[in-house]
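A.B. asks: Starting off with a structure, shown below.
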Amino acid sequence: MTSDKQQSEKGWQTVVTAWSADKEVFNMPWGKLMMWIFLLSDTFIFSIFLTAYMNVRMTTTAAWPSSSEVFALTIGGHHIPLVLIAIMTFILITSSGTMAMAVNFAYQGNKRITFWLMLITAALGASFVGMQAFEWTKLIVEEGIRPWGNPLGAEQFGAIFFMITGFHGLHVSCGVIYLAIIANKVRKGDYDKRGYHIVEITGLYWHFVDLVWVFIFAFFYLW
Amino acid sequence: MTHIAIAEQLDDSHEPGGFVTKYIWSQDHKVIAIQYAITAIFVGLIALVLSAIMRLQLGFPDSFSFIDPSSYLQFVTMHGMIMVIYLLTALLLGGFGNYLIPLMIGARDMVFPYLNMLSYWTYLLSVIVLICSFFVTGGPTGAGWTLYPPQAILQGTPGADKGIILMLVSLAIFIVAFTMGGLNYVTTIFQARAKGMTLMRMPLTLWGILTATILGLLAFPALLVSAIMMLFDMLLATSFFMPAIVSLGDNLAYTGGSPILFQHLFWFFGHPEVYIVALPAFGMVSDVIATHARKNIFGYRMMVWAIVAIGGLSFVVWAHHMYVSGMNPYFGFFFATTTLIIAIPTALKVYNWVLTLWRGNIHLTVPMLFAIGFIFTFTHGGLTGLWLGNVVVDLPLSDTYFVVAHFHMVMGVSPVMVLFAAIYHWYPKITGRYFHQGMGKFHFWLTFLGTYAIYLPMHYLGFLGVPRRYFAIGDSNFIPDSAQTLNASITVSAIIVGIVQLIFIYNVIWSLKYGKKAPANPWGATSLEWQTPDTPPKHGNWGAKLPVVHRWAYDFSVPGAESDFIPQNMTDSEVTWVSGQPPQDREKT
């Protein structure tokens with residue numbers, strides 16, 4: 001797939017050549033393409049969740065709770081809106097950075113640093129889930145918001161918030177486990193023969209979960 | 001080592017050993033395909049029996065004490081859901097997709113055989129959960145296969161306590177199974193084709209399966225999301241789809257939800273689902289017609305683009321199922337337009353099938369009979385689709401038997417016709433034996449004529465205004481008594497057609513043992529699956545070396561060639577030409 005002829009082509013011509021060639025359409029390992037297709041499918045899941053959320057929010061007649069109020073924390077007597085979510089978002093985006101570094105070191109063949117970077121990524125992910133649990137606890141215990149009811153207004157607020165952030169949190173938790181397993185296998189040298197594409201594939205998933213968070217953040221906290 | 005080299009290697013790590021690894025925990029795509037097919041046909045038979053029971057009630061009301069109104073609704077619901085999802089989707093993609101993809105592209109197996117095996121076992125789990133719902137208190141859900149809220153989860157609907165939960169859980173598990181299989185199918189077709197097998201040389205079967213699988217991967221998420229949300233409405237008392245409701249004088253705890261949202265989500269899945277079922281059928285019927293008419297498929301490139309165009313358009317037509325839902329009338333305008341546009345590539349395909357038959361050397365074998373039968377039933381169902389796609393025609397016909405007749409013709413009978421054609425066509429490759437021709441022809445004629453005996457009168461019932469899903473028509477001013485006579489006749493035809501299917505099952509099992517031994521390529525077909533060194537193909541499919549492809553899949557009756565077909569893996573110099581060398585002015589494919 002990487003003959004000299006194809007490298008000399010430019011723009012759309014490379015796409016046409018790749019698609020009409022025999023063998024592979026995409027110049028990547030099977031697992032990586034499969035992850036891309038899975039993420040495309042998963043994108044549809046989250047898009048439909050968020051579309052449903054927009055529909056619910058626009059059609060409900062009851063008032064929607066103000067995001068700067070309901071997601072605020074009182075720290076040392078100061079009322080700070082969106083402080084927790086800002087920290088959570090920062091952590092998750094930082095974890096994308098460490099993941100990208102892990103991919104880089106994996107292709108260089110540096111197993112030890114790859115292992116540690118993946119572990120740091122997993123730890124950041126786990127702390128994100130932990131803070132999400134804290135946020136949920138605050139909403140449930142202090143504000144009294146439930147999936148089936150909401151003292152601050154529209155009943156659907158709690159339902160859709162818990163469902164979508166919960167579904168995302170589930171993705172992050174799965175990612176943490178996935179990262180831990182792959183990191184351990186990298187440390188043991190299981191991929192010495194097969195190559196380190198797997199780290200990049202894991203990274204694809206992780207970046208996707210991050211990207212989804214950006215949309216959830218925008219739709220829930222900034223709207 | 002490049003991944004191309006990995007494909008070439010004979011991977012013996014999951015070579016079957018004993019009985020268990022060969023037939024049960026098998027990672028071989030052919031065994032998984034057969035497991036999928038047997039499970040799907042088994043649940044399909046359950047759904048067939050359910051439809052027979054429904055017809056008994058409709059044809060001879062109040063004659064059978066075991067059918068009461070709520071069990072009737074349960075039979076309607078389960079019949080629809082099983083047929084669409086657990087039979088057609090599973091058999092076309094899980095069965096034929098698994099069997100044909102690696103063989104047709106010249107690969108040894110799917111790219112991830114273990115995931116493929118997991119896909120089947122997850123599918124089996126979803127079927128078991130579904131069947132469990134027949135045995136819980138209250139029975140399976142009777143909400144209709146569309147599961148519209150609010151009635152689906154309100155007391156009073158059959159199975160509103162447990163049946164609906166099992167239904168939704170089963171659907172979610174099915175989607176997981178489909179995703180695991182679907183990722184494999186798409187990746188395999190994209191990345192693991194044999195040398196020389198360009199995308200534009202693939203048999204149309206693969207184009208159909210590829211496009212349908214992509215549709216599935218993008219459409220099933222909508223069903224998954226709506227199933228999750230409805231489960232929450234049911235179990236956590238959220239109000240996604242549930243408006244404020246007064247039931248028996250009590251205010252229910254729901255408030256402010258949107259039932260229309262569910263309809264949008266459901267049909268965003270539901271309409272592509274029609275094409276998930278139809279596109280593989282389109283592909284397979286093209287190959288059957290070309291092979292048995294000894295002619296290249298007419299307009300191959302157009303056929304490919306038509307499949308892709310139908311796949312794309314199928315995502316923007318969903319609300320034509322919702323003209324009567326009370327949505328904004330401007331939506332009706334938009335969706336009627338897109339619906340009529342989708343008729344263009346579809347009609348193009350029908351013309352091309354007919355033009356393939358035109359002056360072909362038609363062999364009226366059993367698969368060919370079913371393929372020609374498909375052209376009839378599909379054209380018929382497609383034309384009534386044009387009617388229902390128009391808002392003004394749909395409004396009076398909505399929720400009548402006209403709709404029932406339409407969708408049974410177009411997405412019930414037509415894909416089933418192709419399934420029969422495909423099973424008869426590939427049977428010699430899968431088992432190494434011929435099926436019994438006489439039984440096959442008998443099966444075809446009774447099924448084909450029976451189809452018309454069942455569904456033609458239903459169109460008329462629809463015009464009369466007979467509503468669908470009703471337990472009994474009763475006395476209505478606008479429905480003449482003769483409608484009941486027609487219903488009785490439909491029931492008799494349906495029972496006969498149902499019994500005839502037992503002949504098919506008997507034929508498949510009988511021929512397994514007593515059928516005449518078949519050669520490797522009994523139909524003189526060109527595509528790769530007929531060129532395997534062993535019949536049925538062994539594990540790894542191709543022996544020591546993968547095939548190399550030199551031409552497209554439709555070199556039938558090539559001018560100047562001695563044989564009336566040239567297999568895809570044959571070079572020009574291997575072909576015996578009448579004049580001793582290939583004609584000079586031949587177009588290369």
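Order determines the names: the first chain of the structure tokens is A, the second B, and so forth; residues in each chain are numbered 1 upward, and ligands are numbered 1 upward as they are shown.
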With 10 Å as the limit and counting only C-alpha atoms, what residues in chain A lie close to chain B? Please list them as JSON, numbers by chain.
C.D. replies: {"A": [1, 18, 19, 20, 21, 22, 23, 24, 25, 26, 27, 28, 29, 30, 31, 32, 33, 34, 35, 36, 37, 38, 40, 41, 42, 43, 44, 45, 46, 47, 48, 49, 51, 52, 53, 55, 56, 59, 60, 61, 62, 146, 147, 148, 149, 154, 155, 156, 157, 158, 159, 160, 163, 193, 194, 195]}
A.B. asks: Ile85 of chain A: which residues within 10 Å, counting only C-alpha atoms, same-chain residues fewer than 3 positions away excluded, as an MDAnalysis selection string?
C.D. replies: chainID A and resid 71:73 81:82 88:91 128 131:132 135 217 221
A.B. asks: List every residue of segment 14-203 of chain A that DSSP, applied to the backbone of this structure, places in strand (DSSP E), and write the result as a list of chain:residue names.
C.D. replies: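 Here is the list: A:Leu73, A:Thr74, A:Ile75, A:His78, A:His79, A:Ile80.
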A.B. asks: Could you save the residues just selected, with N, CA and C atoms, as a compact mmCIF listing (two decimals), in the first residue's frame?
C.D. replies:
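Final output, result_10.txt:
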```
# COMPACT_ATOMS: atom_id res chain seq x y z
N LEU A 73 -20.10 25.06 43.55
CA LEU A 73 -19.63 24.58 44.84
C LEU A 73 -19.39 25.79 45.74
N THR A 74 -19.59 25.63 47.04
CA THR A 74 -19.22 26.68 47.97
C THR A 74 -17.94 26.27 48.66
N ILE A 75 -16.84 26.96 48.31
CA ILE A 75 -15.53 26.63 48.88
C ILE A 75 -15.07 27.80 49.72
N HIS A 78 -16.97 31.01 49.56
CA HIS A 78 -17.20 31.61 48.23
C HIS A 78 -18.03 30.67 47.38
N HIS A 79 -18.99 31.24 46.68
CA HIS A 79 -19.86 30.49 45.80
C HIS A 79 -19.25 30.51 44.40
N ILE A 80 -18.69 29.38 43.97
CA ILE A 80 -17.98 29.37 42.69
C ILE A 80 -18.72 28.48 41.70
```
A.B. asks: Could you name the residues that touch segment 201-207 of chain A at 9 Å or less, counting only C-alpha atoms, but leaving out those on the same chain fewer than 4 positions away, as JSON, numbers by chain?
C.D. replies: {"A": [31, 32, 33, 35, 36, 39, 93, 95, 96, 99, 100, 102, 103, 172, 175, 176, 178, 179, 182, 197, 211, 212]}
A.B. asks: Using DSSP assignments from the backbone, pull out every residue in segment 234-451 of chain B that falls under alpha helix (DSSP H) and give it to me as a VMD selection string.
C.D. replies: chain B and resid 234 to 235 259 to 292 300 to 313 329 to 357 366 to 389 391 to 397 401 to 407 414 to 431 437 to 451
A.B. asks: Go ahead and compute the interatomic distance for atom CA of Ala520 of chain B and atom CA of Ala422 of chain B, in Å to one decimal.
C.D. replies: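 So the answer is 16.6 Å.
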A.B. asks: Tell me, as number ranges by chain, which residues lie within 6 Å of segment 144-158 of chain B, counting only C-alpha atoms; anything in the same chain fewer than 6 positions away does not count.
C.D. replies: B: 70, 77, 80-81, 242, 259
A.B. asks: Save the residues we just selected, C-alpha atoms, as a JSON list (two decimals), in the first residue's frame?
C.D. replies:
```json
[["chain", "number", "residue", "atom", "x", "y", "z"],
["B", 70, "SER", "CA", -54.44, -9.92, 25.05],
["B", 77, "THR", "CA", -45.94, -8.27, 18.71],
["B", 80, "GLY", "CA", -43.23, -8.95, 14.12],
["B", 81, "MET", "CA", -40.22, -8.52, 16.34],
["B", 242, "MET", "CA", -44.24, 9.55, 29.25],
["B", 259, "PRO", "CA", -44.01, 9.97, 23.08]]
```
A.B. asks: Using only C-alpha atoms, which residues sit within 9 Å of Thr365 of chain B once same-chain residues fewer than 4 positions away are excluded, as a list in words?
C.D. replies: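 Selected residues are His292, Leu369, Phe370, Gln437 and Lys441 of chain B.
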A.B. asks: So what do you get for atom CA of Val176 of chain B versus atom CA of Val129 of chain B, distance-wise?
C.D. replies: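 Atom-to-atom, atom CA of Val176 of chain B and atom CA of Val129 of chain B are spaced 13.8 Å apart.
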A.B. asks: Residues at most 12 Å from Lys185 of chain A, counting only C-alpha atoms, excluding those fewer than 4 positions away in the same chain, as a PyMOL selection string?
C.D. replies: chain A and resi 111-112+114-115+118-119+178-181+189-192+196+198-199
A.B. asks: In Å, rounded to a single decimal, give me how far atom CA of Ile128 of chain B is from atom CA of Val20 of chain B.
C.D. replies: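 These atoms are spaced 20.9 Å apart.
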